[in-house]
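*Asks:* Below you'll find protein-v4.txt; it's compact mmCIF, C-alpha atoms.
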```
# COMPACT_ATOMS: atom_id res chain seq x y z
CA MET A 8 83.24 53.21 91.83
CA ILE A 9 86.76 54.58 91.41
CA SER A 10 89.31 53.68 94.06
CA THR A 11 91.24 56.47 95.74
CA ASN A 12 94.50 54.83 94.63
CA ASP A 13 93.42 54.97 91.01
CA ARG A 14 91.97 58.48 91.15
CA TYR A 15 95.13 60.08 92.53
CA ALA A 16 97.66 57.71 90.96
CA ARG A 17 99.25 60.34 88.72
CA HIS A 18 100.00 63.01 91.35
CA ARG A 19 100.32 60.89 94.49
CA PRO A 20 103.93 59.85 93.64
CA LEU A 21 104.94 63.50 93.33
CA LEU A 22 104.09 64.35 96.93
CA SER A 23 105.55 63.19 100.23
CA ASP A 24 103.34 60.98 102.41
CA GLN A 25 102.87 63.91 104.75
CA GLY A 26 102.05 66.23 101.86
CA MET A 27 99.44 63.90 100.44
CA GLN A 28 97.94 63.38 103.87
CA ARG A 29 97.72 67.12 104.33
CA LEU A 30 96.18 67.59 100.90
CA ARG A 31 93.56 64.92 101.58
CA SER A 32 92.61 66.44 104.95
CA THR A 33 92.61 70.14 104.06
CA ARG A 34 89.60 72.42 104.31
CA VAL A 35 89.86 75.23 101.74
CA VAL A 36 87.92 78.48 101.55
CA LEU A 37 87.44 79.68 97.97
CA ALA A 38 86.42 83.34 97.79
CA GLY A 39 84.90 83.82 94.36
CA ALA A 40 83.67 81.25 91.83
CA GLY A 41 84.27 83.27 88.66
CA GLY A 42 87.23 83.04 86.29
CA LEU A 43 89.99 82.28 88.77
CA GLY A 44 87.65 80.55 91.21
CA SER A 45 86.16 78.05 88.79
CA ASN A 46 89.61 77.06 87.50
CA VAL A 47 91.02 76.76 91.02
CA ALA A 48 87.99 74.76 92.23
CA MET A 49 88.28 72.27 89.39
CA LEU A 50 91.97 71.64 90.11
CA LEU A 51 91.50 71.37 93.89
CA VAL A 52 88.71 68.85 93.48
CA ARG A 53 90.76 66.78 91.05
CA LEU A 54 93.66 66.86 93.54
CA GLY A 55 91.33 65.46 96.20
CA ILE A 56 91.18 67.96 99.05
CA ALA A 57 88.84 67.14 101.93
CA THR A 58 86.45 70.10 101.84
CA LEU A 59 85.90 73.04 99.52
CA ILE A 60 83.98 75.98 100.96
CA ILE A 61 82.80 78.36 98.22
CA ARG A 62 81.30 81.81 98.60
CA ASP A 63 80.15 83.82 95.56
CA PRO A 64 77.07 86.03 95.13
CA GLY A 65 76.92 85.85 91.34
CA VAL A 66 74.70 84.32 88.71
CA LEU A 67 76.11 83.20 85.38
CA ASP A 68 76.16 85.79 82.61
CA ALA A 69 77.09 85.18 78.94
CA PRO A 70 80.47 87.03 79.07
CA ASP A 71 81.53 84.67 81.90
CA LEU A 72 81.62 81.74 79.51
CA ASN A 73 84.96 82.63 77.90
CA ARG A 74 86.94 81.66 81.01
CA GLN A 75 84.75 80.24 83.78
CA VAL A 76 85.40 76.58 83.09
CA LEU A 77 82.71 74.99 85.24
CA TYR A 78 79.79 76.57 83.39
CA THR A 79 77.97 76.11 80.08
CA PRO A 80 75.34 78.13 78.19
CA ALA A 81 72.63 75.99 79.77
CA ASP A 82 73.61 77.48 83.14
CA LEU A 83 72.97 81.13 82.22
CA GLY A 84 71.02 82.89 84.95
CA ARG A 85 71.76 80.21 87.55
CA PRO A 86 73.74 80.91 90.73
CA LYS A 87 77.37 80.05 90.07
CA VAL A 88 77.82 78.27 93.39
CA GLU A 89 74.92 75.92 92.66
CA VAL A 90 76.25 75.00 89.23
CA ALA A 91 79.75 74.68 90.65
CA ARG A 92 78.54 72.29 93.35
CA GLN A 93 76.94 70.04 90.73
CA ARG A 94 79.94 70.04 88.36
CA LEU A 95 82.52 69.59 91.10
CA TYR A 96 80.58 66.68 92.58
CA ASP A 97 80.49 65.07 89.15
CA ILE A 98 84.28 65.46 88.88
CA ASN A 99 85.06 64.03 92.32
CA PRO A 100 82.29 63.03 94.75
CA ASP A 101 84.88 62.32 97.47
CA VAL A 102 85.31 66.06 98.11
CA GLU A 103 82.87 67.64 100.54
CA LEU A 104 81.38 70.83 99.15
CA GLU A 105 80.01 73.65 101.29
CA VAL A 106 78.67 76.37 99.01
CA ARG A 107 76.67 79.49 99.71
CA GLN A 108 75.49 82.20 97.35
CA GLU A 109 76.66 85.26 99.21
CA ARG A 110 79.15 88.09 99.04
CA ILE A 111 81.86 88.05 101.71
CA THR A 112 81.64 91.24 103.75
CA ARG A 113 83.60 92.59 106.69
CA SER A 114 81.01 91.07 109.03
CA SER A 115 80.93 87.64 107.36
CA ARG A 116 81.78 84.61 109.43
CA LEU A 117 83.44 81.85 107.46
CA PRO A 118 83.70 78.19 108.45
CA ASN A 119 86.93 76.94 109.99
CA ALA A 120 89.49 76.23 107.29
CA ASP A 121 93.20 75.62 106.79
CA ILE A 122 93.91 77.85 103.82
CA CYS A 123 92.07 80.38 101.63
CA PHE A 124 92.14 81.33 97.95
CA ASP A 125 91.47 84.92 96.90
CA CYS A 126 89.76 84.63 93.53
CA LEU A 127 87.91 87.92 93.87
CA ASP A 128 87.58 90.65 91.28
CA SER A 129 88.21 93.87 93.21
CA PHE A 130 90.49 95.15 95.94
CA GLY A 131 87.48 96.32 97.96
CA SER A 132 86.21 92.75 98.16
CA ARG A 133 89.70 91.56 99.07
CA ALA A 134 89.79 93.99 101.99
CA ALA A 135 86.47 92.55 103.19
CA LEU A 136 87.80 89.00 102.88
CA GLU A 137 90.88 89.85 104.88
CA VAL A 138 88.72 91.16 107.72
CA ALA A 139 86.18 88.31 107.52
CA LEU A 140 88.95 85.73 107.88
CA GLN A 141 89.84 87.34 111.19
CA ASN A 142 86.28 87.22 112.53
CA ALA A 143 85.29 84.37 114.81
CA PRO A 144 84.54 81.32 112.65
CA GLU A 145 80.99 80.49 111.67
CA GLY A 146 79.29 78.44 114.35
CA SER A 147 81.73 79.43 117.10
CA ARG A 148 80.38 80.86 120.31
CA ALA A 149 83.01 83.58 120.44
CA ALA A 150 81.34 86.94 120.79
CA GLY A 151 82.51 90.52 120.81
CA CYS A 152 85.75 89.77 119.02
CA ASP A 153 84.84 90.27 115.40
CA ALA A 154 87.57 91.93 113.39
CA GLY A 155 84.87 93.67 111.37
CA ASP A 156 84.32 95.93 114.35
CA GLN A 157 87.94 97.02 114.40
CA ASN A 158 89.90 99.57 112.48
CA ALA A 159 91.79 97.77 109.70
CA ALA A 160 95.11 98.99 111.06
CA THR A 161 94.52 97.16 114.36
CA LEU A 162 93.71 93.76 112.91
CA ARG A 163 95.46 90.82 114.50
CA GLY A 164 96.65 89.37 111.23
CA LEU A 165 95.48 86.52 109.05
CA PRO A 166 94.91 83.22 110.85
CA LEU A 167 95.74 81.14 107.77
CA PRO A 168 97.63 81.41 104.47
CA LEU A 169 95.79 83.43 101.82
CA ILE A 170 96.71 82.76 98.20
CA HIS A 171 96.06 85.92 96.18
CA GLY A 172 95.44 85.90 92.45
CA GLY A 173 94.52 88.76 90.13
CA ALA A 174 94.16 88.96 86.35
CA GLU A 175 93.34 91.60 83.79
CA GLY A 176 93.80 91.67 80.04
CA TRP A 177 96.91 89.64 79.17
CA PHE A 178 98.44 89.89 82.64
CA GLY A 179 98.10 88.58 86.16
CA GLN A 180 99.82 88.12 89.48
CA VAL A 181 100.01 85.65 92.35
CA SER A 182 101.32 86.09 95.86
CA THR A 183 100.69 84.42 99.21
CA LEU A 184 99.90 86.34 102.37
CA ALA A 185 101.28 84.47 105.36
CA PRO A 186 99.46 84.00 108.67
CA GLY A 187 100.13 86.89 111.03
CA GLY A 188 101.77 88.98 108.29
CA GLY A 189 100.96 92.43 107.02
CA GLY A 190 98.23 91.29 104.65
CA TYR A 191 97.30 93.08 101.45
CA ARG A 192 98.50 96.43 102.78
CA ALA A 193 102.05 95.14 103.06
CA VAL A 194 102.02 94.16 99.38
CA PHE A 195 99.85 96.78 97.68
CA GLY A 196 100.22 99.73 100.03
CA PRO A 197 97.96 101.28 102.66
CA GLY A 198 95.32 102.61 100.26
CA PHE A 199 94.88 99.42 98.22
CA ASP A 200 91.12 99.22 98.84
CA GLU A 201 90.21 102.90 98.59
CA ARG A 202 88.73 102.92 95.10
CA ALA A 203 85.22 101.63 95.63
CA ASP A 204 84.31 101.72 91.93
CA GLU A 205 87.27 99.64 90.85
CA GLU A 206 85.22 96.49 90.12
CA ALA A 207 86.85 94.53 87.31
CA GLU A 208 83.52 93.33 85.98
CA GLY A 209 83.35 93.95 82.25
CA LYS A 210 87.08 94.51 81.77
CA PRO A 211 88.74 92.53 78.97
CA ILE A 212 90.43 89.32 80.06
CA MET A 213 92.10 86.50 78.15
CA PRO A 214 90.90 83.04 79.19
CA HIS A 215 94.37 81.51 79.10
CA VAL A 216 95.64 84.22 81.46
CA VAL A 217 92.96 83.29 83.98
CA ALA A 218 93.98 79.64 83.67
CA LEU A 219 97.68 80.51 84.11
CA VAL A 220 97.01 82.56 87.25
CA ALA A 221 94.67 79.93 88.72
CA ALA A 222 97.20 77.17 88.02
CA ALA A 223 99.90 79.20 89.77
CA GLN A 224 97.60 79.66 92.76
CA VAL A 225 97.02 75.92 92.95
CA ALA A 226 100.76 75.35 92.63
CA GLU A 227 101.11 77.46 95.76
CA PHE A 228 98.63 75.20 97.53
CA VAL A 229 100.38 71.99 96.49
CA ARG A 230 103.72 73.33 97.69
CA TRP A 231 102.09 74.30 101.00
CA CYS A 232 100.85 70.72 101.42
CA ASP A 233 104.38 69.39 100.98
CA ALA A 234 106.54 72.08 102.54
CA GLY A 235 104.44 74.74 104.28
CA THR A 236 104.53 78.49 103.77
CA ASP A 237 108.34 78.57 103.42
CA ALA A 238 107.94 77.12 99.93
CA MET A 239 105.34 79.66 98.84
CA LEU A 240 105.38 83.13 97.29
CA VAL A 241 105.41 84.85 100.67
CA GLY A 242 107.06 88.26 100.38
CA ARG A 243 107.30 87.69 96.64
CA ILE A 244 104.95 88.24 93.74
CA LEU A 245 104.76 86.21 90.55
CA VAL A 246 103.97 88.47 87.61
CA ILE A 247 102.47 86.65 84.66
CA ASP A 248 102.66 88.07 81.15
CA GLY A 249 100.36 86.00 79.01
CA MET A 250 101.19 87.88 75.83
CA HIS A 251 104.98 87.65 75.70
CA GLN A 252 105.16 84.45 77.79
CA HIS A 253 107.45 86.20 80.23
CA HIS A 254 106.85 85.42 83.87
CA GLU A 255 108.86 86.97 86.66
CA ILE A 256 109.08 86.69 90.45
CA ILE A 257 109.77 89.93 92.27
CA THR A 258 110.97 89.91 95.86
CA LEU A 259 109.10 92.43 97.96
CA GLN A 260 111.00 94.35 100.60
CA SER A 261 109.18 95.50 103.72
CA MET B 8 118.98 102.92 86.92
CA THR B 9 116.31 100.77 85.28
CA VAL B 10 112.61 101.62 85.25
CA LYS B 11 110.62 98.47 84.46
CA PHE B 12 107.04 98.45 83.21
CA PHE B 13 104.58 95.67 83.87
CA ALA B 14 101.21 94.46 82.64
CA THR B 15 99.07 96.89 80.66
CA LEU B 16 101.69 99.60 81.05
CA LYS B 17 104.27 97.51 79.21
CA LEU B 18 101.72 97.00 76.46
CA LYS B 19 100.91 100.70 76.23
CA LEU B 20 104.53 101.81 76.10
CA GLY B 21 105.75 99.01 73.85
CA VAL B 22 108.90 98.50 75.92
CA ALA B 23 109.59 96.46 79.06
CA SER B 24 112.09 98.91 80.58
CA VAL B 25 114.17 102.03 80.06
CA GLU B 26 117.42 103.26 81.61
CA VAL B 27 117.45 106.67 83.25
CA ASP B 28 120.25 108.69 84.85
CA ALA B 29 119.99 108.77 88.63
CA GLU B 30 122.18 111.35 90.30
CA PRO B 31 122.22 111.73 94.11
CA GLY B 32 119.02 113.31 95.42
CA LEU B 33 116.79 112.11 92.57
CA SER B 34 113.30 111.08 93.69
CA VAL B 35 111.21 108.19 92.41
CA GLY B 36 108.77 110.67 90.88
CA GLN B 37 111.58 112.46 89.04
CA ALA B 38 112.96 109.16 87.79
CA ILE B 39 109.53 108.20 86.46
CA LYS B 40 109.21 111.57 84.72
CA ARG B 41 112.53 110.84 83.02
CA ALA B 42 111.21 107.45 82.01
CA GLU B 43 108.21 109.18 80.44
CA GLN B 44 110.54 111.39 78.41
CA SER B 45 112.57 108.36 77.38
CA THR B 46 109.54 106.43 76.13
CA GLY B 47 107.95 109.51 74.57
CA ARG B 48 104.62 108.54 76.13
CA SER B 49 102.84 109.99 79.14
CA PHE B 50 101.85 107.38 81.72
CA TRP B 51 102.00 109.26 85.03
CA SER B 52 98.21 109.51 85.25
CA ASP B 53 97.87 105.74 84.70
CA ILE B 54 99.74 105.15 87.93
CA PHE B 55 99.24 108.16 90.19
CA ASP B 56 96.28 110.27 91.23
CA LYS B 57 96.33 114.07 91.28
CA GLN B 58 98.03 114.03 94.67
CA GLY B 59 100.81 111.80 93.34
CA LYS B 60 99.55 108.81 95.28
CA THR B 61 99.65 105.37 93.63
CA PHE B 62 96.18 104.30 92.49
CA PRO B 63 94.68 101.56 94.69
CA GLY B 64 95.87 98.14 93.53
CA GLY B 65 98.85 99.58 91.65
CA MET B 66 102.41 99.32 92.89
CA VAL B 67 105.62 101.23 92.44
CA LEU B 68 108.53 99.27 93.87
CA LEU B 69 111.99 100.66 94.54
CA ASP B 70 114.23 97.58 94.55
CA GLY B 71 111.14 95.64 95.69
CA ALA B 72 110.04 98.10 98.40
CA ASN B 73 106.65 99.68 97.81
CA ILE B 74 107.02 103.49 97.83
CA ALA B 75 103.54 103.68 99.38
CA HIS B 76 105.22 102.58 102.62
CA GLN B 77 107.89 105.24 102.21
CA ASN B 78 107.53 108.83 101.01
CA GLY B 79 105.61 108.00 97.86
CA VAL B 80 106.91 109.73 94.74
CA ASP B 81 109.21 111.84 96.92
CA THR B 82 111.12 108.76 98.06
CA PRO B 83 114.79 109.23 97.12
CA VAL B 84 116.09 106.55 94.78
CA GLY B 85 119.42 106.50 96.65
CA ASP B 86 121.55 103.67 95.35
CA ALA B 87 118.61 101.54 94.23
CA GLU B 88 118.98 99.85 90.87
CA THR B 89 115.38 99.29 89.76
CA ILE B 90 111.98 100.94 89.86
CA SER B 91 109.15 98.53 88.97
CA VAL B 92 105.85 100.10 87.94
CA PHE B 93 102.61 98.10 88.08
CA PRO B 94 99.26 99.55 87.08
CA PRO B 95 96.26 98.28 89.10
CA ALA B 96 95.17 94.78 87.99
CA GLY B 97 92.86 93.05 90.37
CA GLY B 98 90.25 91.20 88.35
CA GLY B 99 89.37 87.59 88.79
```
Please go through the file and, once you have read it, give me the structure as structure tokens.

*Replies:*
Amino acid sequence: MISTNDRYARHRPLLSDQGMQRLRSTRVVLAGAGGLGSNVAMLLVRLGIATLIIRDPGVLDAPDLNRQVLYTPADLGRPKVEVARQRLYDINPDVELEVRQERITRSSRLPNADICFDCLDSFGSRAALEVALQNAPEGSRAAGCDAGDQNAATLRGLPLPLIHGGAEGWFGQVSTLAPGGGGYRAVFGPGFDERADEEAEGKPIMPHVVALVAAAQVAEFVRWCDAGTDAMLVGRILVIDGMHQHHEIITLQS
Amino acid sequence: MTVKFFATLKLKLGVASVEVDAEPGLSVGQAIKRAEQSTGRSFWSDIFDKQGKTFPGGMVLLDGANIAHQNGVDTPVGDAETISVFPPAGGG
């Protein structure tokens, strides 16, 4: 049995008491358990969050193995969330895992959480996530107030910070959408989700780029634990160039 | 003014940025056309659809402000210093 003091000894001194307390009590929604999601999940579990809620509809395919760090060839054909649950428990059994093999849709109800990671692979699925996060939480008795019934333009705004990551080829980006802010539309423009066939599945992607983007997403989370959304990439976007090793933060004007 | 290229666009063009002349009244679309001439490569259709609208997931920022929230490619560059062009990249 490993003591908590030993397990977290190397990062505990780097956080404030309040930050570590927040980290240890946080419930995280992870949308997607693919390239970004498996890297993010591994880091969050090693950090020692309280609960990781994972939603992903996929089963493991051979091309996933170049970057999806939780899986091995023996897992081919198995649901990613089931394999992830097993591996993540092996890494740190202190973290509660709530996994479900399903795609997040506009009508999905997600469990209550404190923060969410967007590790999805298309802007259409991101639009659905943004709406689902505004629906009444899973298990609540609230009725008739689902955001999925509303026009996207009338949504109330995100109830929690949403850490966006995207990666393609040698490049990626990270930005955080703040609670109550303008969401994806504010960053990517009003038509960001209009191309239904834009799925990234099958597009080339470098494994180290996925790891860089996922690490930057987790850095956002750690900074949130210590200093809240003011310390995050809100209204800014980190652009990662994994070929030339040139990374840049661009301030977004509204 | 500077037109900066990001991600796969930077790779395609082989340069990270070009300088273009920006006289009063120039639009973002006109500035990007000048950038095409400067690089010697066509990239308009990587960024914009036939109506001149940025492809979903892509971004064209005028000093950090997304032109999709303004007048699109007709947005005047004014006294802005930088146009940043991002092709769509949303995989995970």

*Asks:* Find the spatial neighbours of Ser34 (chain B), counting all atoms listed in the file, within a cut-off of 9 Å - ignore same-chain residues fewer than 3 positions away - and output them as a count of residues only.

*Replies:* 11

*Asks:* Give the residues of chain B that lie within 12 Å of chain A; count all atoms listed in the file, and format the answer as number ranges by chain.

*Replies:* B: 11-18, 21-23, 56, 60-79, 89-99

*Asks:* Within 7 Å of (87.8, 86.6, 79.8), all atoms listed in the file: residues as number ranges by chain?

*Replies:* A: 71, 73-74, 211-214

*Asks:* Using all atoms listed in the file, which of the listed residues (A:Arg107, A:Arg53, A:His215, A:Arg17) sits closest to Leu30 (chain A)?

*Replies:*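 Looking only at the distances to Leu30 (chain A), the closest residue turns out to be A:Arg53.
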
*Asks:* Near Pro100 (chain A), counting all atoms listed in the file, which residues have an atom at most 12 Å away, once you skip same-chain residues fewer than 3 positions from it, shown as a list in words?

*Replies:*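 My reading of the contact set: Met8, Ile9, Ser10, Thr11, Arg14, Val52, Arg53, Gly55, Ile56, Ala57, Thr58, Leu59, Arg92, Gln93, Arg94, Leu95, Tyr96, Asp97, Glu103 and Leu104 of chain A.
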
*Asks:* Would you compute the distance between CA of Glu89 (chain A) and CA of Ser132 (chain A)? Give it in Å to one decimal.

*Replies:*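 A separation of 21.0 Å between them.
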
*Asks:* Could you tell me, as a VMD selection string, which residues have any atom at most 7 Å from (82.0, 76.2, 112.6), counting only C-alpha atoms?

*Replies:* chain A and resid 118 to 119 144 to 147

*Asks:* Where atoms are absent from region 36-53 of chain A, fill them in so it carries N, CA and C atoms, then output it as a PDB file, in the frame of the given file.

*Replies:*
```
ATOM      1  N   VAL A  36      88.922  77.454 101.880  1.00  0.00           N
ATOM      2  CA  VAL A  36      87.920  78.480 101.550  1.00  0.00           C
ATOM      3  C   VAL A  36      88.259  79.059 100.187  1.00  0.00           C
ATOM      4  N   LEU A  37      87.266  79.092  99.300  1.00  0.00           N
ATOM      5  CA  LEU A  37      87.440  79.680  97.970  1.00  0.00           C
ATOM      6  C   LEU A  37      86.544  80.913  97.902  1.00  0.00           C
ATOM      7  N   ALA A  38      87.180  82.080  97.875  1.00  0.00           N
ATOM      8  CA  ALA A  38      86.420  83.340  97.790  1.00  0.00           C
ATOM      9  C   ALA A  38      86.305  83.722  96.327  1.00  0.00           C
ATOM     10  N   GLY A  39      85.138  83.508  95.761  1.00  0.00           N
ATOM     11  CA  GLY A  39      84.900  83.820  94.360  1.00  0.00           C
ATOM     12  C   GLY A  39      84.858  82.560  93.510  1.00  0.00           C
ATOM     13  N   ALA A  40      83.807  82.418  92.709  1.00  0.00           N
ATOM     14  CA  ALA A  40      83.670  81.250  91.830  1.00  0.00           C
ATOM     15  C   ALA A  40      83.541  81.697  90.382  1.00  0.00           C
ATOM     16  N   GLY A  41      84.294  82.755  90.031  1.00  0.00           N
ATOM     17  CA  GLY A  41      84.270  83.270  88.660  1.00  0.00           C
ATOM     18  C   GLY A  41      85.396  82.667  87.848  1.00  0.00           C
ATOM     19  N   GLY A  42      86.164  83.526  87.165  1.00  0.00           N
ATOM     20  CA  GLY A  42      87.230  83.040  86.290  1.00  0.00           C
ATOM     21  C   GLY A  42      88.289  82.280  87.063  1.00  0.00           C
ATOM     22  N   LEU A  43      88.960  82.948  87.978  1.00  0.00           N
ATOM     23  CA  LEU A  43      89.990  82.280  88.770  1.00  0.00           C
ATOM     24  C   LEU A  43      89.372  81.176  89.620  1.00  0.00           C
ATOM     25  N   GLY A  44      88.252  81.487  90.267  1.00  0.00           N
ATOM     26  CA  GLY A  44      87.650  80.550  91.210  1.00  0.00           C
ATOM     27  C   GLY A  44      87.213  79.245  90.583  1.00  0.00           C
ATOM     28  N   SER A  45      86.630  79.298  89.394  1.00  0.00           N
ATOM     29  CA  SER A  45      86.160  78.050  88.790  1.00  0.00           C
ATOM     30  C   SER A  45      87.334  77.190  88.347  1.00  0.00           C
ATOM     31  N   ASN A  46      88.403  77.818  87.859  1.00  0.00           N
ATOM     32  CA  ASN A  46      89.610  77.060  87.500  1.00  0.00           C
ATOM     33  C   ASN A  46      90.271  76.453  88.732  1.00  0.00           C
ATOM     34  N   VAL A  47      90.397  77.258  89.788  1.00  0.00           N
ATOM     35  CA  VAL A  47      91.020  76.760  91.020  1.00  0.00           C
ATOM     36  C   VAL A  47      90.185  75.612  91.602  1.00  0.00           C
ATOM     37  N   ALA A  48      88.868  75.786  91.651  1.00  0.00           N
ATOM     38  CA  ALA A  48      87.990  74.760  92.230  1.00  0.00           C
ATOM     39  C   ALA A  48      88.145  73.431  91.495  1.00  0.00           C
ATOM     40  N   MET A  49      88.172  73.504  90.168  1.00  0.00           N
ATOM     41  CA  MET A  49      88.280  72.270  89.390  1.00  0.00           C
ATOM     42  C   MET A  49      89.578  71.531  89.725  1.00  0.00           C
ATOM     43  N   LEU A  50      90.683  72.273  89.819  1.00  0.00           N
ATOM     44  CA  LEU A  50      91.970  71.640  90.110  1.00  0.00           C
ATOM     45  C   LEU A  50      92.008  71.086  91.535  1.00  0.00           C
ATOM     46  N   LEU A  51      91.478  71.835  92.488  1.00  0.00           N
ATOM     47  CA  LEU A  51      91.500  71.370  93.890  1.00  0.00           C
ATOM     48  C   LEU A  51      90.696  70.088  94.046  1.00  0.00           C
ATOM     49  N   VAL A  52      89.556  70.033  93.381  1.00  0.00           N
ATOM     50  CA  VAL A  52      88.710  68.850  93.480  1.00  0.00           C
ATOM     51  C   VAL A  52      89.374  67.655  92.813  1.00  0.00           C
ATOM     52  N   ARG A  53      90.043  67.885  91.706  1.00  0.00           N
ATOM     53  CA  ARG A  53      90.760  66.780  91.050  1.00  0.00           C
ATOM     54  C   ARG A  53      91.926  66.306  91.910  1.00  0.00           C
TER      55      ARG A  53
END
```
